[in-house]
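Asks: mmCIF, C-alpha atoms, saved as start_15.cif, coming up:
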data_target
#
loop_
_atom_site.label_atom_id
_atom_site.label_comp_id
_atom_site.auth_asym_id
_atom_site.auth_seq_id
_atom_site.Cartn_x
_atom_site.Cartn_y
_atom_site.Cartn_z
CA MET A 99 -16.81 33.64 7.98
CA SER A 100 -20.29 32.64 6.76
CA ILE A 101 -20.91 29.15 5.42
CA PHE A 102 -21.57 30.60 1.96
CA VAL A 103 -18.36 32.68 1.89
CA GLU A 104 -16.37 29.72 3.19
CA GLU A 105 -17.77 27.46 0.45
CA VAL A 106 -16.87 30.04 -2.22
CA PHE A 107 -13.34 30.31 -0.79
CA ILE A 108 -12.88 26.53 -0.84
CA MET A 109 -14.26 26.33 -4.40
CA LYS A 110 -11.82 29.01 -5.64
CA LYS A 111 -8.92 27.27 -3.90
CA THR A 112 -9.89 23.96 -5.46
CA LEU A 113 -10.19 25.44 -8.97
CA LEU A 114 -6.80 27.16 -8.68
CA TYR A 115 -5.21 23.89 -7.58
CA LEU A 116 -6.80 21.91 -10.41
CA PHE A 117 -5.79 24.55 -12.97
CA SER A 118 -2.18 24.44 -11.78
CA CYS A 119 -2.18 20.65 -12.10
CA VAL A 120 -3.59 20.74 -15.65
CA ALA A 121 -1.03 23.35 -16.68
CA ALA A 122 1.81 21.36 -15.17
CA PHE A 123 0.86 18.09 -16.84
CA ALA A 124 1.21 19.74 -20.25
CA GLY A 125 5.02 19.78 -19.89
CA CYS A 126 5.72 16.12 -19.09
CA LYS A 127 8.96 14.70 -20.48
CA GLN A 128 8.19 11.03 -21.05
CA ASN A 129 11.60 10.35 -22.59
CA ASP A 130 12.89 10.18 -18.99
CA ILE A 131 11.16 6.79 -18.56
CA GLN A 132 13.49 3.77 -18.49
CA LEU A 133 11.46 0.60 -18.94
CA LEU A 134 12.81 -2.68 -17.63
CA PRO A 135 13.28 -5.36 -20.31
CA ALA A 136 10.58 -8.00 -20.46
CA GLU A 137 13.18 -10.78 -20.77
CA ALA A 138 14.48 -9.97 -17.27
CA PHE A 139 11.15 -11.21 -15.88
CA SER A 140 10.44 -14.12 -18.23
CA THR A 141 10.60 -17.44 -16.38
CA VAL A 142 8.52 -20.38 -15.18
CA VAL A 143 7.49 -20.85 -11.53
CA ASP A 144 5.52 -23.91 -10.41
CA GLY A 145 4.81 -24.72 -14.05
CA LYS A 146 3.31 -21.29 -14.81
CA ASN A 147 4.74 -18.57 -17.04
CA VAL A 148 5.91 -15.36 -15.40
CA GLU A 149 5.97 -12.19 -17.48
CA LEU A 150 6.41 -8.42 -17.19
CA TYR A 151 3.58 -6.13 -18.31
CA THR A 152 3.65 -2.41 -19.09
CA LEU A 153 0.56 -0.25 -18.50
CA ARG A 154 -0.04 3.41 -19.36
CA GLY A 155 -2.77 5.78 -18.26
CA GLY A 156 -2.85 9.55 -17.93
CA ASP A 157 0.73 10.56 -17.14
CA ILE A 158 1.62 7.29 -15.43
CA THR A 159 3.61 4.36 -16.79
CA MET A 160 3.68 1.24 -14.64
CA GLN A 161 5.33 -2.18 -14.94
CA VAL A 162 3.87 -5.23 -13.24
CA THR A 163 4.80 -8.90 -13.03
CA ASN A 164 2.25 -11.65 -12.47
CA PHE A 165 4.55 -13.26 -9.87
CA GLY A 166 2.70 -12.06 -6.81
CA ALA A 167 0.91 -9.49 -9.00
CA ARG A 168 3.79 -7.21 -8.03
CA VAL A 169 4.10 -3.58 -9.00
CA VAL A 170 7.71 -3.25 -10.18
CA SER A 171 7.81 0.43 -11.18
CA ILE A 172 5.60 3.52 -11.35
CA TRP A 173 6.87 6.45 -13.42
CA THR A 174 5.31 9.84 -12.61
CA PRO A 175 6.36 13.45 -13.38
CA ASP A 176 7.54 16.04 -10.89
CA ARG A 177 6.47 19.71 -10.82
CA ASP A 178 8.77 20.40 -13.79
CA GLY A 179 7.49 17.48 -15.82
CA LYS A 180 10.55 15.30 -15.26
CA TYR A 181 9.76 11.63 -14.73
CA ALA A 182 11.10 9.35 -12.02
CA ASP A 183 10.21 5.88 -10.77
CA VAL A 184 8.56 6.36 -7.37
CA CYS A 185 7.98 2.67 -6.61
CA THR A 186 10.82 0.72 -5.00
CA GLY A 187 11.50 -2.56 -6.75
CA TYR A 188 14.05 -4.95 -8.24
CA GLU A 189 15.45 -5.17 -11.77
CA ASN A 190 14.79 -8.87 -12.43
CA ILE A 191 12.53 -11.70 -11.37
CA ASP A 192 15.26 -13.67 -9.61
CA LYS A 193 15.59 -10.99 -6.92
CA TYR A 194 11.88 -11.36 -6.17
CA ILE A 195 11.86 -15.16 -6.14
CA ASN A 196 15.15 -15.68 -4.28
CA ASN A 197 14.80 -12.66 -2.07
CA LEU A 198 17.62 -11.56 0.21
CA GLY A 199 15.91 -8.39 1.43
CA GLU A 200 12.33 -7.12 1.68
CA ARG A 201 10.09 -9.94 0.46
CA PHE A 202 6.95 -7.87 -0.04
CA LEU A 203 8.14 -5.12 -2.41
CA GLY A 204 5.19 -4.18 -4.63
CA ALA A 205 3.33 -7.39 -3.87
CA SER A 206 -0.30 -8.31 -3.44
CA ILE A 207 -0.81 -9.63 0.07
CA GLY A 208 -3.07 -12.33 1.49
CA PRO A 209 -5.04 -14.33 2.43
CA VAL A 210 -4.74 -11.98 5.43
CA GLY A 211 -2.54 -8.92 5.28
CA ASN A 212 -0.71 -7.72 8.37
CA ARG A 213 -0.28 -9.88 11.49
CA ILE A 214 -2.23 -12.61 13.24
CA GLY A 215 -1.10 -12.97 16.85
CA LYS A 216 0.65 -16.30 17.55
CA GLY A 217 -0.56 -17.41 14.12
CA THR A 218 -3.77 -18.82 15.52
CA TYR A 219 -7.49 -18.12 15.56
CA THR A 220 -10.70 -19.91 16.44
CA LEU A 221 -13.73 -19.77 14.14
CA ASP A 222 -16.96 -21.77 14.41
CA GLY A 223 -15.43 -23.87 17.17
CA GLU A 224 -12.38 -24.85 15.12
CA THR A 225 -8.89 -23.62 16.04
CA VAL A 226 -6.52 -23.03 13.13
CA GLN A 227 -2.75 -22.85 13.54
CA LEU A 228 -0.94 -20.99 10.78
CA PRO A 229 2.82 -20.96 10.14
CA LEU A 230 4.84 -18.59 12.29
CA ASN A 231 6.93 -16.49 9.93
CA ASN A 232 7.41 -13.31 11.98
CA ASP A 233 8.54 -13.33 15.63
CA GLY A 234 6.15 -16.13 16.59
CA ASN A 235 3.26 -14.62 14.61
CA THR A 236 1.86 -14.94 11.10
CA LEU A 237 2.64 -12.03 8.77
CA HIS A 238 0.98 -11.37 5.38
CA GLY A 239 -0.44 -14.87 4.96
CA GLY A 240 2.52 -17.02 5.99
CA PHE A 241 5.36 -18.55 4.02
CA VAL A 242 3.32 -19.06 0.84
CA GLY A 243 1.11 -16.01 0.67
CA VAL A 244 -0.45 -14.81 -2.56
CA ASP A 245 2.71 -12.71 -3.03
CA MET A 246 4.68 -15.90 -3.75
CA MET A 247 2.25 -17.34 -6.29
CA VAL A 248 1.91 -16.85 -10.05
CA TRP A 249 -1.36 -15.11 -10.93
CA ASP A 250 -3.23 -15.77 -14.15
CA VAL A 251 -3.69 -12.77 -16.45
CA LEU A 252 -7.34 -13.03 -17.48
CA GLU A 253 -7.56 -9.81 -19.49
CA LYS A 254 -5.14 -7.14 -20.64
CA THR A 255 -5.50 -3.70 -22.20
CA ASP A 256 -3.01 -0.86 -22.60
CA SER A 257 -4.12 0.53 -19.23
CA SER A 258 -5.39 -2.47 -17.24
CA LEU A 259 -4.73 -6.02 -16.12
CA VAL A 260 -7.28 -8.44 -14.71
CA PHE A 261 -5.64 -11.08 -12.53
CA GLY A 262 -7.08 -14.34 -11.28
CA LEU A 263 -5.80 -16.70 -8.61
CA GLU A 264 -7.17 -20.01 -7.38
CA ARG A 265 -5.43 -20.68 -4.07
CA ALA A 266 -6.03 -24.26 -2.95
CA ALA A 267 -7.22 -25.12 0.54
CA GLY A 268 -4.54 -26.33 2.93
CA ILE A 269 -1.66 -24.14 1.75
CA ASP A 270 0.04 -22.93 4.95
CA ASN A 271 -2.93 -24.59 6.71
CA TRP A 272 -5.46 -22.01 5.54
CA PRO A 273 -8.72 -23.99 5.59
CA GLY A 274 -10.56 -22.79 2.49
CA LYS A 275 -9.98 -22.55 -1.22
CA LEU A 276 -9.67 -18.84 -2.03
CA SER A 277 -10.70 -17.57 -5.46
CA ILE A 278 -9.49 -14.03 -6.17
CA LYS A 279 -10.11 -11.67 -9.06
CA MET A 280 -8.12 -8.46 -8.94
CA THR A 281 -8.00 -5.61 -11.45
CA TYR A 282 -5.20 -3.07 -11.85
CA THR A 283 -6.22 0.03 -13.79
CA LEU A 284 -4.39 3.21 -14.70
CA THR A 285 -6.96 5.93 -15.27
CA SER A 286 -6.84 9.15 -17.30
CA GLY A 287 -6.94 10.95 -13.94
CA ASN A 288 -3.46 9.62 -12.99
CA GLU A 289 -4.83 6.99 -10.65
CA PHE A 290 -3.56 3.49 -10.02
CA ARG A 291 -6.78 1.71 -9.03
CA ILE A 292 -6.98 -1.75 -7.48
CA ASP A 293 -10.31 -3.61 -7.28
CA TYR A 294 -10.48 -6.91 -5.39
CA GLU A 295 -13.11 -9.64 -5.41
CA ALA A 296 -12.80 -12.94 -3.54
CA GLN A 297 -14.83 -16.01 -2.58
CA THR A 298 -14.10 -19.07 -0.46
CA ASP A 299 -15.58 -22.54 0.00
CA LYS A 300 -14.96 -22.59 3.78
CA ALA A 301 -15.24 -19.82 6.34
CA MET A 302 -11.90 -18.09 6.94
CA PRO A 303 -10.54 -14.59 7.52
CA VAL A 304 -9.68 -12.65 4.37
CA ASN A 305 -7.97 -9.25 4.33
CA LEU A 306 -6.17 -8.51 1.06
CA THR A 307 -3.95 -5.51 0.44
CA ASN A 308 -1.13 -4.16 -1.71
CA HIS A 309 2.40 -3.62 -0.42
CA ALA A 310 3.86 -1.13 -2.91
CA PHE A 311 6.74 0.87 -1.44
CA PHE A 312 7.05 4.54 -2.39
CA ASN A 313 9.70 7.23 -2.37
CA LEU A 314 8.37 10.27 -4.20
CA THR A 315 11.89 11.61 -4.86
CA GLY A 316 12.39 8.62 -7.17
CA ASP A 317 15.54 7.56 -5.28
CA SER A 318 15.30 4.66 -2.81
CA SER A 319 18.54 5.71 -1.17
CA LYS A 320 17.07 9.05 -0.05
CA SER A 321 15.28 9.42 3.26
CA ILE A 322 11.48 9.71 3.25
CA LEU A 323 11.52 11.68 6.52
CA ASP A 324 11.04 14.99 4.68
CA HIS A 325 7.89 13.72 2.99
CA GLU A 326 4.83 15.37 4.52
CA ILE A 327 1.79 13.23 5.27
CA LYS A 328 -1.78 13.75 6.36
CA ILE A 329 -3.87 10.77 7.52
CA ASN A 330 -7.60 11.12 8.06
CA ALA A 331 -7.75 9.15 11.30
CA SER A 332 -8.36 10.12 14.92
CA ARG A 333 -7.81 6.65 16.46
CA THR A 334 -5.35 3.77 16.34
CA THR A 335 -5.08 0.18 17.58
CA PRO A 336 -2.06 0.11 19.94
CA VAL A 337 0.43 -2.74 19.54
CA ASP A 338 2.82 -4.65 21.77
CA GLU A 339 6.55 -4.99 21.14
CA LEU A 340 5.86 -7.64 18.45
CA LEU A 341 3.40 -5.31 16.66
CA ILE A 342 0.35 -7.35 17.69
CA PRO A 343 -2.69 -5.23 18.66
CA THR A 344 -3.50 -5.17 22.36
CA GLY A 345 -7.23 -5.07 21.62
CA GLU A 346 -7.60 -1.40 22.55
CA ILE A 347 -8.84 1.37 20.28
CA VAL A 348 -7.44 4.72 21.45
CA SER A 349 -7.54 8.39 20.52
CA LEU A 350 -4.57 9.95 18.73
CA ASP A 351 -4.94 13.22 20.63
CA GLY A 352 -1.48 14.25 21.82
CA SER A 353 0.19 11.29 20.11
CA PRO A 354 3.12 11.50 17.65
CA LEU A 355 0.96 9.21 15.49
CA ASP A 356 -1.54 12.03 14.96
CA PHE A 357 -1.34 13.13 11.32
CA ARG A 358 -4.72 14.82 11.05
CA THR A 359 -2.76 17.98 10.31
CA ALA A 360 -0.05 17.35 7.73
CA LYS A 361 3.51 17.18 9.04
CA ALA A 362 6.88 15.84 7.98
CA ILE A 363 7.29 12.14 8.73
CA GLY A 364 10.55 12.85 10.50
CA ARG A 365 9.20 15.53 12.82
CA ASP A 366 8.08 13.19 15.61
CA VAL A 367 9.44 9.81 14.54
CA ASN A 368 12.16 9.86 17.21
CA VAL A 369 9.98 11.16 20.04
CA GLU A 370 10.17 9.02 23.18
CA ASP A 371 6.86 7.20 22.89
CA GLN A 372 6.04 3.58 23.70
CA GLN A 373 4.06 3.02 20.49
CA LEU A 374 6.89 4.39 18.34
CA ALA A 375 9.35 2.22 20.26
CA ASN A 376 7.20 -0.87 19.70
CA GLY A 377 7.01 -0.15 15.98
CA HIS A 378 10.66 0.93 15.66
CA GLY A 379 9.07 4.06 14.21
CA TYR A 380 5.82 4.27 12.29
CA ASP A 381 4.42 0.79 11.57
CA HIS A 382 0.86 1.02 12.84
CA ASN A 383 -2.79 0.78 11.88
CA TRP A 384 -4.72 4.03 11.65
CA CYS A 385 -8.50 3.64 12.16
CA LEU A 386 -9.82 5.82 9.36
CA ASP A 387 -12.51 8.41 10.05
CA LYS A 388 -14.91 7.02 7.47
CA THR A 389 -18.08 8.96 6.70
CA CYS A 390 -19.58 6.44 4.25
CA GLU A 391 -19.16 2.86 3.05
CA GLY A 392 -17.69 3.97 -0.26
CA VAL A 393 -14.28 5.18 -1.38
CA GLU A 394 -12.91 8.17 0.53
CA LEU A 395 -9.60 9.97 0.92
CA ALA A 396 -7.52 8.22 3.57
CA ALA A 397 -4.13 9.93 3.28
CA ARG A 398 -2.16 12.48 1.32
CA LEU A 399 1.64 12.31 0.89
CA TYR A 400 3.72 15.23 -0.42
CA GLU A 401 7.42 15.40 -1.30
CA PRO A 402 8.65 19.01 -1.22
CA GLU A 403 11.75 18.58 -3.44
CA SER A 404 9.86 17.18 -6.45
CA GLY A 405 6.38 18.51 -5.73
CA ARG A 406 4.95 15.03 -6.22
CA ILE A 407 1.73 14.19 -4.36
CA LEU A 408 0.30 10.74 -3.67
CA GLU A 409 -3.27 10.49 -2.39
CA VAL A 410 -4.64 7.19 -1.07
CA LEU A 411 -8.37 6.54 -1.32
CA THR A 412 -10.20 3.45 -0.13
CA ASP A 413 -13.43 1.90 1.10
CA GLN A 414 -11.55 0.00 3.83
CA PRO A 415 -11.60 0.99 7.54
CA GLY A 416 -7.85 0.92 8.15
CA LEU A 417 -4.52 2.17 6.80
CA GLN A 418 -1.18 0.63 7.75
CA PHE A 419 1.56 3.23 7.38
CA TYR A 420 5.05 1.73 7.48
CA CYS A 421 8.06 4.04 7.06
CA GLY A 422 10.76 1.50 6.19
CA ASN A 423 12.18 0.95 9.66
CA PHE A 424 13.76 -2.40 8.77
CA PHE A 425 15.57 -1.42 5.58
CA ASP A 426 19.30 -1.32 6.22
CA GLY A 427 20.94 -0.64 2.85
CA THR A 428 22.21 -4.19 2.34
CA THR A 429 20.00 -4.76 -0.73
CA THR A 430 19.79 -2.54 -3.80
CA ASP A 431 16.90 -1.42 -5.96
CA LYS A 432 16.54 -1.73 -9.73
CA PHE A 433 18.93 1.20 -10.27
CA GLY A 434 21.62 -0.13 -7.96
CA ASN A 435 20.72 2.26 -5.14
CA PRO A 436 20.91 0.81 -1.61
CA ILE A 437 17.44 0.68 -0.05
CA GLY A 438 18.28 2.48 3.14
CA PHE A 439 16.77 2.89 6.59
CA ARG A 440 13.50 4.84 6.26
CA CYS A 441 14.07 5.39 2.55
CA SER A 442 10.81 3.87 1.33
CA LEU A 443 7.30 3.68 2.78
CA ALA A 444 4.11 1.67 2.40
CA LEU A 445 0.48 2.81 2.72
CA GLU A 446 -1.64 -0.33 2.89
CA THR A 447 -5.44 -0.09 2.87
CA GLN A 448 -7.02 -2.94 4.80
CA LYS A 449 -9.11 -4.06 7.72
CA TRP A 450 -7.45 -3.77 11.11
CA PRO A 451 -4.67 -6.26 11.96
CA ASP A 452 -5.42 -9.38 14.00
CA SER A 453 -9.13 -8.54 13.84
CA ILE A 454 -10.06 -12.22 13.97
CA ASN A 455 -8.77 -12.34 17.56
CA HIS A 456 -10.28 -9.11 18.95
CA GLU A 457 -13.91 -8.44 19.78
CA GLY A 458 -14.96 -5.01 18.54
CA PHE A 459 -12.44 -4.97 15.67
CA CYS A 460 -13.37 -5.38 11.99
CA ASP A 461 -15.20 -8.43 10.72
CA THR A 462 -12.71 -10.20 8.45
CA VAL A 463 -14.56 -13.53 8.15
CA LEU A 464 -15.53 -14.53 4.61
CA ARG A 465 -18.05 -17.37 4.34
CA PRO A 466 -19.17 -19.54 1.41
CA GLY A 467 -21.72 -17.68 -0.73
CA GLU A 468 -20.36 -14.27 0.33
CA GLU A 469 -18.08 -11.99 -1.67
CA TYR A 470 -15.14 -10.00 -0.39
CA THR A 471 -14.65 -6.65 -2.15
CA HIS A 472 -12.09 -3.91 -1.65
CA THR A 473 -11.08 -0.83 -3.64
CA CYS A 474 -7.82 1.07 -3.23
CA ILE A 475 -6.75 4.05 -5.33
CA TYR A 476 -3.29 5.62 -5.46
CA ARG A 477 -3.74 9.02 -7.13
CA PHE A 478 -0.73 11.01 -8.31
CA SER A 479 -0.38 14.74 -8.91
CA ARG A 480 2.12 17.55 -8.28
CA ALA A 481 2.15 21.02 -6.81
CA ASP A 482 4.41 23.64 -5.24
CA SER A 483 3.13 22.91 -1.73
CA MET A 484 1.00 20.41 0.16
CA PRO A 485 -2.61 21.22 -0.84
CA PHE A 486 -5.42 21.41 1.70
CA THR A 487 -3.28 20.48 4.70
CA ASN A 488 -6.05 20.77 7.31
#
When written as structure tokens, how does the structure in this file appear?
Replies:
Amino acid sequence: MSIFVEEVFIMKKTLLYLFSCVAAFAGCKQNDIQLLPAEAFSTVVDGKNVELYTLRGGDITMQVTNFGARVVSIWTPDRDGKYADVCTGYENIDKYINNLGERFLGASIGPVGNRIGKGTYTLDGETVQLPLNNDGNTLHGGFVGVDMMVWDVLEKTDSSLVFGLERAAGIDNWPGKLSIKMTYTLTSGNEFRIDYEAQTDKAMPVNLTNHAFFNLTGDSSKSILDHEIKINASRTTPVDELLIPTGEIVSLDGSPLDFRTAKAIGRDVNVEDQQLANGHGYDHNWCLDKTCEGVELAARLYEPESGRILEVLTDQPGLQFYCGNFFDGTTTDKFGNPIGFRCSLALETQKWPDSINHEGFCDTVLRPGEEYTHTCIYRFSRADSMPFTN
């Protein structure tokens, strides 16, 4: 096939897909949406008011609390226009504050997302010891990460929230004051967009991310193993049995972690493989095949039963895909459904885990006078099959 003919073919395929999406969106049934009551999230934490906010944009309705800047629900339509909440969350603020299950549902994560081996790093000749909150390592910032703090709402519109957080130096022994501005926007193109900005007054690693959990069926008691996923990455950073990177960067050729061609999550998840054993399934960093410094497509998720599609776009070099290996059904979601084993997944855009301790990994150090920036987009659509699988 000539380059010209191939380009025409791709253009026709793209136009047909976009036309089908536009036609489908015309039939959305927004009376399916069941909003959580604001009073269930109204409280005071550390002297600051906690509230629930409702945003609308395109065909998406989302509810967010400023406790941890957590996404509580995301309502999107299926191929028939019927709405469901595809974001796993709880029905009231108490279940987030006094958590008996997954702490990080829907939360913003930092100062450093993912793990830091043995909770320690050395920077500019100074060794910092962080709290050990995960098998002798530091996970998602420690005991008092940004997920456990009340964010200020600086601006609000019908489709956006601008959050601010001033995190004092010394919390969990992080050395610098961290000033974060973060914007949540629902666009007319059915995107949930997150834009981060951060500064510090003392050099320290910074690697913010979002920990929304998704099940595109809209039921957190249903397995996500039939979801199909494509990840634009040809390499990974192998981990030990505690999910700490070994320092290697290896090819995914021949690995069950290779999702360059879309496949069902469950197809290879139980293959006898040391990396899958170490992660108890998929819980790894994919080194994205970036072609520019800007925002690019990182992954595409498709749920065959509903036809819902979630695309993840980012300017970050890594994607942590976690398929809910530690859910066990002992806690319930906002609808009373048990959150079961591999019944919800996270797609976290970020720099590679434990980068501060590995030469050749990403530079996560933020210094005074510099600005950390990060954009992540979760884009929703629907179709009768996974589009553009290769």
Asks: What is the distance between atom CA of A:Leu417 and atom CA of A:Asn308, in Å to one decimal?
Replies: 11.1 Å
Asks: Neighbours of A:Asp183 within 7 Å (all atoms listed in the file; same-chain residues fewer than 3 positions away dropped), as a ChimeraX atom specification?
Replies: /A:171-174,316
Asks: What does the PyMOL selection byres ((chain A and resi 128-137) around 8) select in this file, as a list in words?
Replies: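 Selection result, ordered by chain and number: Cys126, Lys127, Ala138, Phe139, Ser140, Glu149, Leu150, Tyr151, Gln161, Trp173, Lys180, Tyr181, Ala182, Asp183 and Glu189 of chain A.
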Asks: Go ahead and write the selection's residues with C-alpha atoms as a tab-separated table (two decimals), keeping the file's coordinate frame.
Replies:
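out-v8.tsv was written with the following content:
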chain	number	residue	atom	x	y	z
A	126	CYS	CA	5.72	16.12	-19.09
A	127	LYS	CA	8.96	14.70	-20.48
A	138	ALA	CA	14.48	-9.97	-17.27
A	139	PHE	CA	11.15	-11.21	-15.88
A	140	SER	CA	10.44	-14.12	-18.23
A	149	GLU	CA	5.97	-12.19	-17.48
A	150	LEU	CA	6.41	-8.42	-17.19
A	151	TYR	CA	3.58	-6.13	-18.31
A	161	GLN	CA	5.33	-2.18	-14.94
A	173	TRP	CA	6.87	6.45	-13.42
A	180	LYS	CA	10.55	15.30	-15.26
A	181	TYR	CA	9.76	11.63	-14.73
A	182	ALA	CA	11.10	9.35	-12.02
A	183	ASP	CA	10.21	5.88	-10.77
A	189	GLU	CA	15.45	-5.17	-11.77
Asks: Can you list every residue of stretch 307-392 of chain A that has an atom at most 12 Å from stretch 463-482 of chain A, with its nearest atom pair and the distance in Å to one decimal, using only C-alpha atoms, ordered by chain then number, as a tab-separated table?
Replies:
residue	atom	partner	partner_atom	distance
A:Thr307	CA	A:Cys474	CA	8.5
A:Asn308	CA	A:Cys474	CA	8.6
A:His309	CA	A:Cys474	CA	11.6
A:Ala310	CA	A:Tyr476	CA	10.2
A:Phe311	CA	A:Tyr476	CA	11.8
A:Phe312	CA	A:Tyr476	CA	10.8
A:Leu314	CA	A:Phe478	CA	10.0
A:Thr315	CA	A:Arg480	CA	11.9
A:Glu391	CA	A:His472	CA	10.9
A:Gly392	CA	A:Thr473	CA	8.8
Asks: Within 6 Å of (7.0, 14.6, -8.4) in the file's own coordinates, which protein, DNA or RNA residues have an atom, counting only C-alpha atoms? List them as a PyMOL selection string.
Replies: chain A and resi 175-177+404-406+480
Asks: Considering only C-alpha atoms, return as number ranges by chain whatever protein or nucleic-acid residues lie within 7 Å of A:Arg154, sequence-local ones (same chain, fewer than 2 positions apart) excluded.
Replies: A: 152, 156, 158-160, 256-257, 284
Asks: Can you sort out stretch 459-480 of chain A so it carries N, CA and C atoms, written as a PDB file, in the coordinates of the input?
Replies:
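Output (rebuild07.pdb):
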ATOM      1  N   PHE A 459     -13.210  -5.346  16.855  1.00  0.00           N
ATOM      2  CA  PHE A 459     -12.440  -4.970  15.670  1.00  0.00           C
ATOM      3  C   PHE A 459     -13.272  -5.274  14.419  1.00  0.00           C
ATOM      4  N   CYS A 460     -12.663  -5.172  13.259  1.00  0.00           N
ATOM      5  CA  CYS A 460     -13.370  -5.380  11.990  1.00  0.00           C
ATOM      6  C   CYS A 460     -13.746  -6.859  11.808  1.00  0.00           C
ATOM      7  N   ASP A 461     -14.811  -7.079  11.084  1.00  0.00           N
ATOM      8  CA  ASP A 461     -15.200  -8.430  10.720  1.00  0.00           C
ATOM      9  C   ASP A 461     -14.430  -8.826   9.460  1.00  0.00           C
ATOM     10  N   THR A 462     -13.508  -9.753   9.591  1.00  0.00           N
ATOM     11  CA  THR A 462     -12.710 -10.200   8.450  1.00  0.00           C
ATOM     12  C   THR A 462     -13.115 -11.581   7.951  1.00  0.00           C
ATOM     13  N   VAL A 463     -14.166 -12.160   8.512  1.00  0.00           N
ATOM     14  CA  VAL A 463     -14.560 -13.530   8.150  1.00  0.00           C
ATOM     15  C   VAL A 463     -15.320 -13.517   6.823  1.00  0.00           C
ATOM     16  N   LEU A 464     -14.845 -14.309   5.878  1.00  0.00           N
ATOM     17  CA  LEU A 464     -15.530 -14.530   4.610  1.00  0.00           C
ATOM     18  C   LEU A 464     -16.092 -15.939   4.619  1.00  0.00           C
ATOM     19  N   ARG A 465     -17.377 -16.072   4.315  1.00  0.00           N
ATOM     20  CA  ARG A 465     -18.050 -17.370   4.340  1.00  0.00           C
ATOM     21  C   ARG A 465     -18.486 -17.781   2.936  1.00  0.00           C
ATOM     22  N   PRO A 466     -18.698 -19.081   2.709  1.00  0.00           N
ATOM     23  CA  PRO A 466     -19.170 -19.540   1.410  1.00  0.00           C
ATOM     24  C   PRO A 466     -20.470 -18.814   1.021  1.00  0.00           C
ATOM     25  N   GLY A 467     -20.548 -18.404  -0.239  1.00  0.00           N
ATOM     26  CA  GLY A 467     -21.720 -17.680  -0.730  1.00  0.00           C
ATOM     27  C   GLY A 467     -21.597 -16.173  -0.583  1.00  0.00           C
ATOM     28  N   GLU A 468     -20.592 -15.707   0.174  1.00  0.00           N
ATOM     29  CA  GLU A 468     -20.360 -14.270   0.330  1.00  0.00           C
ATOM     30  C   GLU A 468     -19.245 -13.827  -0.618  1.00  0.00           C
ATOM     31  N   GLU A 469     -19.153 -12.527  -0.836  1.00  0.00           N
ATOM     32  CA  GLU A 469     -18.080 -11.990  -1.670  1.00  0.00           C
ATOM     33  C   GLU A 469     -17.329 -10.899  -0.935  1.00  0.00           C
ATOM     34  N   TYR A 470     -16.023 -11.039  -0.915  1.00  0.00           N
ATOM     35  CA  TYR A 470     -15.140 -10.000  -0.390  1.00  0.00           C
ATOM     36  C   TYR A 470     -14.876  -8.997  -1.498  1.00  0.00           C
ATOM     37  N   THR A 471     -14.999  -7.701  -1.197  1.00  0.00           N
ATOM     38  CA  THR A 471     -14.650  -6.650  -2.150  1.00  0.00           C
ATOM     39  C   THR A 471     -13.801  -5.596  -1.440  1.00  0.00           C
ATOM     40  N   HIS A 472     -13.019  -4.897  -2.212  1.00  0.00           N
ATOM     41  CA  HIS A 472     -12.090  -3.910  -1.650  1.00  0.00           C
ATOM     42  C   HIS A 472     -11.595  -3.061  -2.810  1.00  0.00           C
ATOM     43  N   THR A 473     -11.624  -1.741  -2.642  1.00  0.00           N
ATOM     44  CA  THR A 473     -11.080  -0.830  -3.640  1.00  0.00           C
ATOM     45  C   THR A 473     -10.020   0.052  -2.985  1.00  0.00           C
ATOM     46  N   CYS A 474      -8.884   0.174  -3.649  1.00  0.00           N
ATOM     47  CA  CYS A 474      -7.820   1.070  -3.230  1.00  0.00           C
ATOM     48  C   CYS A 474      -7.378   1.875  -4.441  1.00  0.00           C
ATOM     49  N   ILE A 475      -7.195   3.177  -4.252  1.00  0.00           N
ATOM     50  CA  ILE A 475      -6.750   4.050  -5.330  1.00  0.00           C
ATOM     51  C   ILE A 475      -5.532   4.841  -4.867  1.00  0.00           C
ATOM     52  N   TYR A 476      -4.459   4.760  -5.653  1.00  0.00           N
ATOM     53  CA  TYR A 476      -3.290   5.620  -5.460  1.00  0.00           C
ATOM     54  C   TYR A 476      -3.329   6.685  -6.549  1.00  0.00           C
ATOM     55  N   ARG A 477      -3.559   7.928  -6.162  1.00  0.00           N
ATOM     56  CA  ARG A 477      -3.740   9.020  -7.130  1.00  0.00           C
ATOM     57  C   ARG A 477      -2.546   9.970  -7.076  1.00  0.00           C
ATOM     58  N   PHE A 478      -1.944  10.209  -8.231  1.00  0.00           N
ATOM     59  CA  PHE A 478      -0.730  11.010  -8.310  1.00  0.00           C
ATOM     60  C   PHE A 478      -1.013  12.385  -8.917  1.00  0.00           C
ATOM     61  N   SER A 479      -0.324  13.388  -8.368  1.00  0.00           N
ATOM     62  CA  SER A 479      -0.380  14.740  -8.910  1.00  0.00           C
ATOM     63  C   SER A 479       0.886  15.463  -8.487  1.00  0.00           C
ATOM     64  N   ARG A 480       0.936  16.781  -8.672  1.00  0.00           N
ATOM     65  CA  ARG A 480       2.120  17.550  -8.280  1.00  0.00           C
ATOM     66  C   ARG A 480       1.729  18.991  -8.049  1.00  0.00           C
TER      67      ARG A 480
END
